[in-house]
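> Sharing upload14.txt below, compact mmCIF, C-alpha atoms:
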# COMPACT_ATOMS: atom_id res chain seq x y z
CA MET A 1 66.47 -109.62 192.32
CA LEU A 2 69.63 -108.31 193.95
CA THR A 3 67.65 -105.29 195.17
CA TRP A 4 65.05 -107.48 196.87
CA ALA A 5 67.75 -109.65 198.48
CA ALA A 6 69.52 -106.53 199.76
CA ILE A 7 66.29 -105.15 201.23
CA LEU A 8 65.40 -108.45 202.90
CA GLY A 9 68.90 -108.74 204.40
CA GLY A 10 69.12 -105.10 205.46
CA GLY A 11 65.60 -105.23 206.90
CA ALA A 12 66.41 -108.31 208.98
CA VAL A 13 69.56 -106.74 210.43
CA GLY A 14 67.85 -103.37 211.04
CA ALA A 15 64.96 -104.94 212.95
CA VAL A 16 67.34 -107.04 215.08
CA CYS A 17 69.41 -103.92 215.89
CA ARG A 18 66.28 -102.02 216.95
CA PHE A 19 65.18 -104.95 219.09
CA THR A 20 68.63 -105.16 220.69
CA VAL A 21 68.77 -101.43 221.49
CA ASN A 22 65.31 -101.72 223.03
CA TRP A 23 66.40 -104.68 225.15
CA LEU A 24 69.59 -102.91 226.29
CA VAL A 25 67.60 -99.82 227.35
CA GLU A 26 64.97 -101.94 229.14
CA ARG A 27 67.69 -103.92 230.88
CA ARG A 28 68.99 -100.68 232.35
CA SER A 29 65.42 -99.82 233.39
CA GLY A 30 65.31 -96.99 230.85
CA PRO A 31 62.01 -95.88 229.34
CA ALA A 32 61.13 -97.65 226.06
CA PRO A 33 60.51 -94.39 224.09
CA TRP A 34 64.15 -93.51 224.70
CA ALA A 35 65.26 -96.57 222.70
CA THR A 36 62.84 -95.70 219.88
CA PHE A 37 64.12 -92.12 219.84
CA MET A 38 67.74 -93.27 219.53
CA VAL A 39 67.14 -95.72 216.67
CA ASN A 40 64.95 -93.21 214.80
CA VAL A 41 67.55 -90.45 215.03
CA ALA A 42 70.44 -92.77 214.12
CA GLY A 43 68.55 -94.18 211.13
CA SER A 44 67.55 -90.70 209.94
CA LEU A 45 71.19 -89.58 210.05
CA VAL A 46 72.42 -92.58 208.05
CA LEU A 47 69.59 -92.39 205.49
CA GLY A 48 70.31 -88.65 205.15
CA LEU A 49 73.97 -89.47 204.43
CA LEU A 50 72.94 -91.90 201.71
CA ALA A 51 70.48 -89.42 200.20
CA GLY A 52 73.17 -86.74 200.18
CA ALA A 53 75.71 -89.05 198.57
CA GLY A 54 73.05 -89.99 196.00
CA ALA A 55 74.42 -91.23 192.69
CA ALA A 56 77.94 -91.50 194.11
CA LEU A 57 76.88 -94.84 195.65
CA PRO A 58 75.99 -98.04 193.79
CA GLY A 59 72.28 -98.87 193.83
CA TRP A 60 72.62 -101.93 196.04
CA VAL A 61 74.04 -99.83 198.88
CA GLY A 62 70.88 -97.74 198.93
CA ALA A 63 68.73 -100.89 198.94
CA LEU A 64 70.76 -102.70 201.61
CA VAL A 65 71.62 -99.85 203.98
CA GLY A 66 68.90 -97.32 203.12
CA THR A 67 65.62 -99.07 202.31
CA GLY A 68 66.50 -102.25 204.20
CA PHE A 69 68.60 -101.38 207.25
CA CYS A 70 67.56 -97.76 208.00
CA GLY A 71 63.94 -98.44 207.08
CA ALA A 72 63.70 -101.36 209.50
CA LEU A 73 65.94 -99.86 212.19
CA THR A 74 63.56 -96.92 212.46
CA THR A 75 59.88 -97.29 213.22
CA TYR A 76 56.79 -95.15 213.15
CA SER A 77 54.42 -97.74 214.59
CA THR A 78 56.29 -98.05 217.89
CA PHE A 79 56.78 -94.27 218.03
CA GLY A 80 53.04 -93.76 217.55
CA TYR A 81 52.05 -96.48 219.99
CA GLU A 82 54.42 -95.29 222.72
CA THR A 83 53.21 -91.71 222.29
CA VAL A 84 49.59 -92.82 222.66
CA GLN A 85 50.52 -94.85 225.75
CA LEU A 86 52.20 -91.76 227.27
CA LEU A 87 49.10 -89.67 226.49
CA ARG A 88 46.89 -92.27 228.16
CA SER A 89 49.02 -92.46 231.31
CA GLY A 90 47.55 -89.35 232.93
CA PRO A 91 48.44 -85.66 233.14
CA GLY A 92 52.10 -86.37 233.90
CA GLY A 93 52.35 -88.53 230.81
CA ARG A 94 51.05 -85.80 228.54
CA GLY A 95 54.18 -83.72 229.05
CA TRP A 96 56.37 -86.73 228.22
CA ALA A 97 54.28 -87.41 225.11
CA VAL A 98 54.76 -83.84 223.88
CA LEU A 99 58.48 -84.04 224.66
CA ASN A 100 58.73 -87.39 222.85
CA VAL A 101 57.02 -85.99 219.75
CA LEU A 102 58.94 -82.69 219.69
CA ALA A 103 62.31 -84.32 220.32
CA SER A 104 61.74 -87.05 217.72
CA LEU A 105 60.57 -84.66 215.03
CA VAL A 106 63.11 -81.89 215.63
CA VAL A 107 66.15 -84.09 216.27
CA GLY A 108 65.12 -86.66 213.64
CA LEU A 109 64.65 -84.02 210.96
CA GLY A 110 67.87 -82.30 212.06
CA ALA A 111 69.75 -85.59 211.81
CA ALA A 112 68.39 -86.20 208.30
CA ALA A 113 69.42 -82.69 207.22
CA LEU A 114 72.86 -83.02 208.83
CA GLY A 115 73.40 -86.40 207.19
CA TRP A 116 72.33 -85.05 203.82
CA GLN A 117 74.76 -82.14 204.21
CA LEU A 118 77.64 -84.45 205.15
CA GLY A 119 76.76 -86.94 202.43
CA SER A 120 76.82 -84.31 199.70
CA LEU A 121 80.33 -83.09 200.66
CA ARG A 122 82.84 -83.84 197.93
CA MET B 1 66.35 -92.06 234.28
CA ASN B 2 65.58 -94.28 237.23
CA ALA B 3 68.94 -94.59 238.97
CA ASP B 4 67.51 -96.94 241.61
CA GLY B 5 66.87 -99.58 238.99
CA ASP B 6 70.25 -99.24 237.34
CA PRO B 7 71.77 -102.73 237.25
CA VAL B 8 75.30 -101.28 237.23
CA ASN B 9 74.80 -99.79 240.69
CA PRO B 10 72.31 -102.01 242.50
CA PRO B 11 70.99 -100.34 245.64
CA ARG B 12 72.50 -101.74 248.82
CA SER B 13 69.89 -103.61 250.77
CA VAL B 14 69.35 -102.57 254.37
CA GLU B 15 68.59 -106.16 255.32
CA PRO B 16 71.51 -108.48 256.04
CA HIS B 17 72.77 -110.13 252.87
CA GLU B 18 73.14 -113.87 252.55
CA PRO B 19 76.81 -114.39 251.72
CA ASP B 20 76.07 -116.68 248.77
CA GLU B 21 73.16 -114.66 247.45
CA PRO B 22 73.66 -113.57 243.83
CA ASP B 23 74.19 -109.82 243.54
CA GLU B 24 72.01 -109.36 240.45
CA PRO B 25 68.54 -107.82 240.74
CA PRO B 26 65.99 -110.48 239.78
CA ALA B 27 63.33 -108.49 237.88
CA LEU B 28 65.47 -107.46 234.88
CA PRO B 29 64.65 -108.99 231.49
CA GLY B 30 67.14 -111.66 230.52
CA ARG B 31 68.72 -112.02 227.13
CA PRO B 32 66.03 -113.03 224.65
CA GLY B 33 66.38 -116.48 223.12
CA TRP B 34 67.75 -117.05 219.60
CA ASP B 35 64.23 -117.86 218.39
CA VAL B 36 63.06 -114.37 219.35
CA PHE B 37 65.92 -112.78 217.38
CA ALA B 38 65.10 -115.10 214.46
CA VAL B 39 61.42 -114.09 214.26
CA VAL B 40 62.34 -110.39 214.64
CA ALA B 41 64.79 -110.77 211.71
CA LEU B 42 62.25 -112.65 209.59
CA GLY B 43 59.52 -110.14 210.37
CA GLY B 44 61.86 -107.20 209.70
CA ALA B 45 62.79 -108.64 206.30
CA LEU B 46 59.14 -109.22 205.33
CA GLY B 47 58.00 -105.82 206.61
CA SER B 48 60.80 -104.05 204.72
CA ALA B 49 59.93 -105.91 201.51
CA GLY B 50 56.29 -104.85 201.89
CA ARG B 51 57.31 -101.23 202.41
CA TYR B 52 59.56 -101.33 199.33
CA GLY B 53 56.87 -103.01 197.24
CA LEU B 54 54.36 -100.29 198.08
CA ALA B 55 56.94 -97.57 197.32
CA VAL B 56 57.63 -99.13 193.89
CA LEU B 57 53.90 -99.39 193.09
CA TRP B 58 53.21 -95.83 194.24
CA PRO B 59 56.09 -93.54 193.22
CA HIS B 60 55.97 -89.83 194.08
CA ALA B 61 57.60 -86.70 192.67
CA ALA B 62 60.30 -84.96 194.73
CA THR B 63 57.91 -82.02 195.19
CA GLY B 64 54.79 -84.06 196.01
CA VAL B 65 53.40 -85.84 199.06
CA PRO B 66 55.08 -89.26 199.58
CA TRP B 67 51.78 -91.14 199.71
CA ALA B 68 53.33 -94.60 199.86
CA THR B 69 55.28 -93.80 203.04
CA LEU B 70 52.28 -92.04 204.54
CA VAL B 71 49.98 -95.01 203.91
CA THR B 72 52.65 -97.42 205.15
CA ASN B 73 53.13 -95.57 208.42
CA LEU B 74 49.43 -94.97 209.10
CA SER B 75 48.39 -98.55 208.36
CA GLY B 76 51.30 -99.84 210.47
CA CYS B 77 50.16 -97.63 213.35
CA ALA B 78 46.57 -98.87 213.12
CA LEU B 79 47.80 -102.47 213.10
CA ILE B 80 50.14 -102.01 216.09
CA GLY B 81 47.29 -100.45 218.07
CA LEU B 82 45.14 -103.46 217.22
CA LEU B 83 47.90 -105.97 217.95
CA MET B 84 49.08 -104.46 221.24
CA ARG B 85 45.55 -104.07 222.55
CA LEU B 86 44.84 -107.71 221.73
CA VAL B 87 48.05 -109.12 223.22
CA THR B 88 47.83 -107.03 226.40
CA THR B 89 44.14 -107.60 227.14
CA ALA B 90 43.08 -110.84 225.44
CA VAL B 91 44.29 -114.36 226.22
CA ALA B 92 48.10 -114.41 226.32
CA PRO B 93 49.34 -115.31 222.83
CA HIS B 94 52.35 -117.46 221.97
CA ARG B 95 55.50 -115.66 223.16
CA LEU B 96 56.80 -115.23 219.61
CA VAL B 97 53.67 -113.49 218.29
CA ARG B 98 54.49 -110.02 219.57
CA PRO B 99 58.19 -109.99 218.52
CA PHE B 100 57.30 -111.38 215.07
CA LEU B 101 54.26 -109.22 214.24
CA GLY B 102 54.99 -106.10 216.29
CA THR B 103 58.76 -105.67 216.48
CA GLY B 104 59.49 -107.51 213.24
CA ILE B 105 56.80 -107.01 210.61
CA LEU B 106 55.21 -103.72 211.73
CA GLY B 107 58.53 -102.26 212.92
CA GLY B 108 60.16 -103.20 209.63
CA PHE B 109 57.18 -102.04 207.57
CA THR B 110 56.91 -98.56 209.09
CA THR B 111 59.80 -96.14 208.92
CA PHE B 112 60.88 -92.92 210.56
CA SER B 113 64.08 -92.38 208.58
CA THR B 114 62.33 -92.19 205.19
CA TYR B 115 59.76 -89.82 206.71
CA ALA B 116 62.53 -87.52 208.02
CA VAL B 117 64.56 -87.59 204.80
CA GLU B 118 61.45 -87.03 202.64
CA THR B 119 60.45 -84.05 204.77
CA ARG B 120 63.94 -82.62 204.42
CA GLY B 121 63.74 -83.24 200.65
CA LEU B 122 60.44 -81.33 200.38
CA LEU B 123 61.98 -78.42 202.28
CA ALA B 124 65.02 -78.47 200.01
CA ALA B 125 62.75 -78.61 196.95
CA GLY B 126 61.13 -75.35 198.00
CA ARG B 127 57.85 -76.90 199.18
CA PRO B 128 57.71 -75.86 202.85
CA GLY B 129 53.91 -76.09 202.98
CA VAL B 130 53.88 -79.67 201.70
CA ALA B 131 56.79 -80.51 204.02
CA VAL B 132 55.05 -79.23 207.16
CA GLY B 133 51.74 -80.77 206.08
CA TYR B 134 53.42 -84.13 205.53
CA LEU B 135 55.39 -83.89 208.80
CA LEU B 136 52.42 -83.01 210.98
CA GLY B 137 49.81 -84.88 208.95
CA THR B 138 51.68 -88.16 209.41
CA LEU B 139 52.04 -87.48 213.14
CA ALA B 140 48.37 -86.62 213.70
CA GLY B 141 47.22 -89.48 211.46
CA ALA B 142 49.50 -91.93 213.26
CA LEU B 143 48.13 -91.06 216.70
CA VAL B 144 44.54 -91.36 215.44
CA ALA B 145 45.37 -94.63 213.68
CA VAL B 146 46.82 -96.18 216.87
CA ARG B 147 43.66 -95.24 218.78
CA LEU B 148 41.47 -96.60 215.97
CA GLY B 149 43.38 -99.88 216.05
CA MET B 150 42.93 -100.15 219.82
CA TRP B 151 39.24 -99.33 219.46
CA ALA B 152 38.86 -101.98 216.76
CA ALA B 153 40.53 -104.54 219.04
CA ASP B 154 37.92 -103.84 221.70
CA ARG B 155 35.16 -104.33 219.09
CA VAL B 156 36.69 -107.62 217.98
CA ARG B 157 36.84 -108.98 221.51
CA SER B 158 33.31 -108.00 222.49
Represent the supplied structure as structure tokens.

Amino acid sequence: MLTWAAILGGGAVGAVCRFTVNWLVERRSGPAPWATFMVNVAGSLVLGLLAGAGAALPGWVGALVGTGFCGALTTYSTFGYETVQLLRSGPGGRGWAVLNVLASLVVGLGAAALGWQLGSLR
Amino acid sequence: MNADGDPVNPPRSVEPHEPDEPDEPPALPGRPGWDVFAVVALGGALGSAGRYGLAVLWPHAATGVPWATLVTNLSGCALIGLLMRLVTTAVAPHRLVRPFLGTGILGGFTTFSTYAVETRGLLAAGRPGVAVGYLLGTLAGALVAVRLGMWAADRVRS
């Protein structure tokens, strides 16, 4: 019961944070994939930290911050949709799509690994 | 980055300025209303609960493919393709539909962080083949799923 409440609460806050980052980037006329990249990398770092810390944390922290907040802060659907939109926007867009995919995968995976490393420090 | 559109440094107009004209560029999106934040929060909570429910029903070993996350992300991608195609080409929906379903539910349902941490876990568990297959399989599947969703939206409308 507590786990579900933590996930609902963390998920609500994570989605609102993602929406706010997106709005702030759009307000500065930045490209939308940039906002998605930032939230995905940040969420991967934090979830990596939690995974590295593992059993050192109480279970509700993982549910609230990990499954709830990081899960909802990051998104695959928007990442996929924005990549497809870049691919569809002509030859110039194809380069941006490849850059978006490479940067998200490499930096996202790197952030998860770095977080895991930091989280498992004792 | 488009420096010309940067609201911090608005480009100086060559035409004479009205003295009482507000200095802010007009086309920038204003702060969304509280109701938009509320439906994003509600959708994010529901989407996260759905993702967790699927993960509980479909557990995976540390060395195996995380099927629950894979199915979550691919189905979320198909649904966002469907949704975005409908809301951008069909009759304009209520203004809260896209933030609730797209940003909230589908954004909260799908996850990049779990995908990244699971891939790292597979690498650490000595399963590089599964890790790379999961990493690239999700990516390829997601792009196909978005296109399928968009294609389905066109079928629905015609």
> Can you pull out the residues contacting region 73-88 of chain B? Cut-off 7 Å, using only C-alpha atoms, and skip same-chain residues under 4 positions away; I want them as a ChimeraX atom specification.
/A:76-77,80-81 /B:69,92-93,102,106,109-111,141-142,145-150,152-153
> Of the residues A:Leu102, A:Ala51, A:Val21, A:Ala12, which is the one nearest to chain B, using only C-alpha atoms?
A:Ala12
> Up to 9 Å from chain B, what residues of chain A turn up? Count only C-alpha atoms and give them as JSON, numbers by chain.
{"A": [4, 7, 8, 9, 10, 11, 12, 13, 14, 15, 16, 18, 19, 20, 23, 26, 27, 28, 29, 30, 31, 40, 41, 42, 43, 44, 45, 46, 47, 48, 51, 66, 67, 68, 69, 70, 71, 72, 73, 74, 75, 76, 77, 78, 79, 80, 81, 83, 84, 101, 105, 108, 109, 110, 111, 112, 113, 116]}
> For Gly129 (chain B), which residue among B:Gly64, B:Arg95, B:Leu101, B:Ala90 is the nearest when counting only C-alpha atoms?
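Of the candidates, the smallest distance to Gly129 (chain B) is held by B:Gly64.
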> If you measure from CA of Leu57 (chain A) to CA of Tyr134 (chain B), what distance in Å do you get, rounded to one decimal?
27.6 Å
> Mind giving me the straight-line distance from CA of Gly54 (chain A) to CA of Ala35 (chain A) in Å, one decimal?
28.6 Å
> Would you mind reading off the distance between CA of Ala131 (chain B) and CA of Trp96 (chain A), one decimal, in Å?
25.0 Å
> Of the candidates B:Leu96, B:Trp58, B:Ser158, B:Pro66, which one gets nearest to Asp35 (chain B) if we count only C-alpha atoms?
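Using only C-alpha atoms, the shortest distance to Asp35 (chain B) belongs to B:Leu96.
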> Give me, as an MDAnalysis selection string, all polymer residues having an atom no more than 10 Å from Leu121 (chain A), counting all atoms listed in the file and skipping those fewer than 3 positions away in the same chain.
chainID A and resid 49 52:53 116:118
> Each side padded by 5 Å, which centre and which edge lengths in Å (one decimal) define the axis-aligned box around the listed atoms of region 79-95 of chain B? Give them as JSON.

{"center_x": 49.3, "center_y": -109.0, "center_z": 220.1, "size_x": 22.4, "size_y": 27.0, "size_z": 24.0}
> Mind checking which residues fall within 7 Å of Leu122 (chain B), counting all atoms listed in the file, ignoring those fewer than 4 positions away in the same chain, and posting them as a list in words?
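My reading of the contact set: Ala62, Thr63, Glu118, Gly126, Arg127, Pro128, Val130 and Ala131 of chain B.
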> Looking at B:Arg157, B:Val56, B:Leu70, B:Val97, which one is nearest to Thr3 (chain A), with distances taken over all atoms listed in the file?
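Using all atoms listed in the file, Thr3 (chain A) sits closest to B:Val56.
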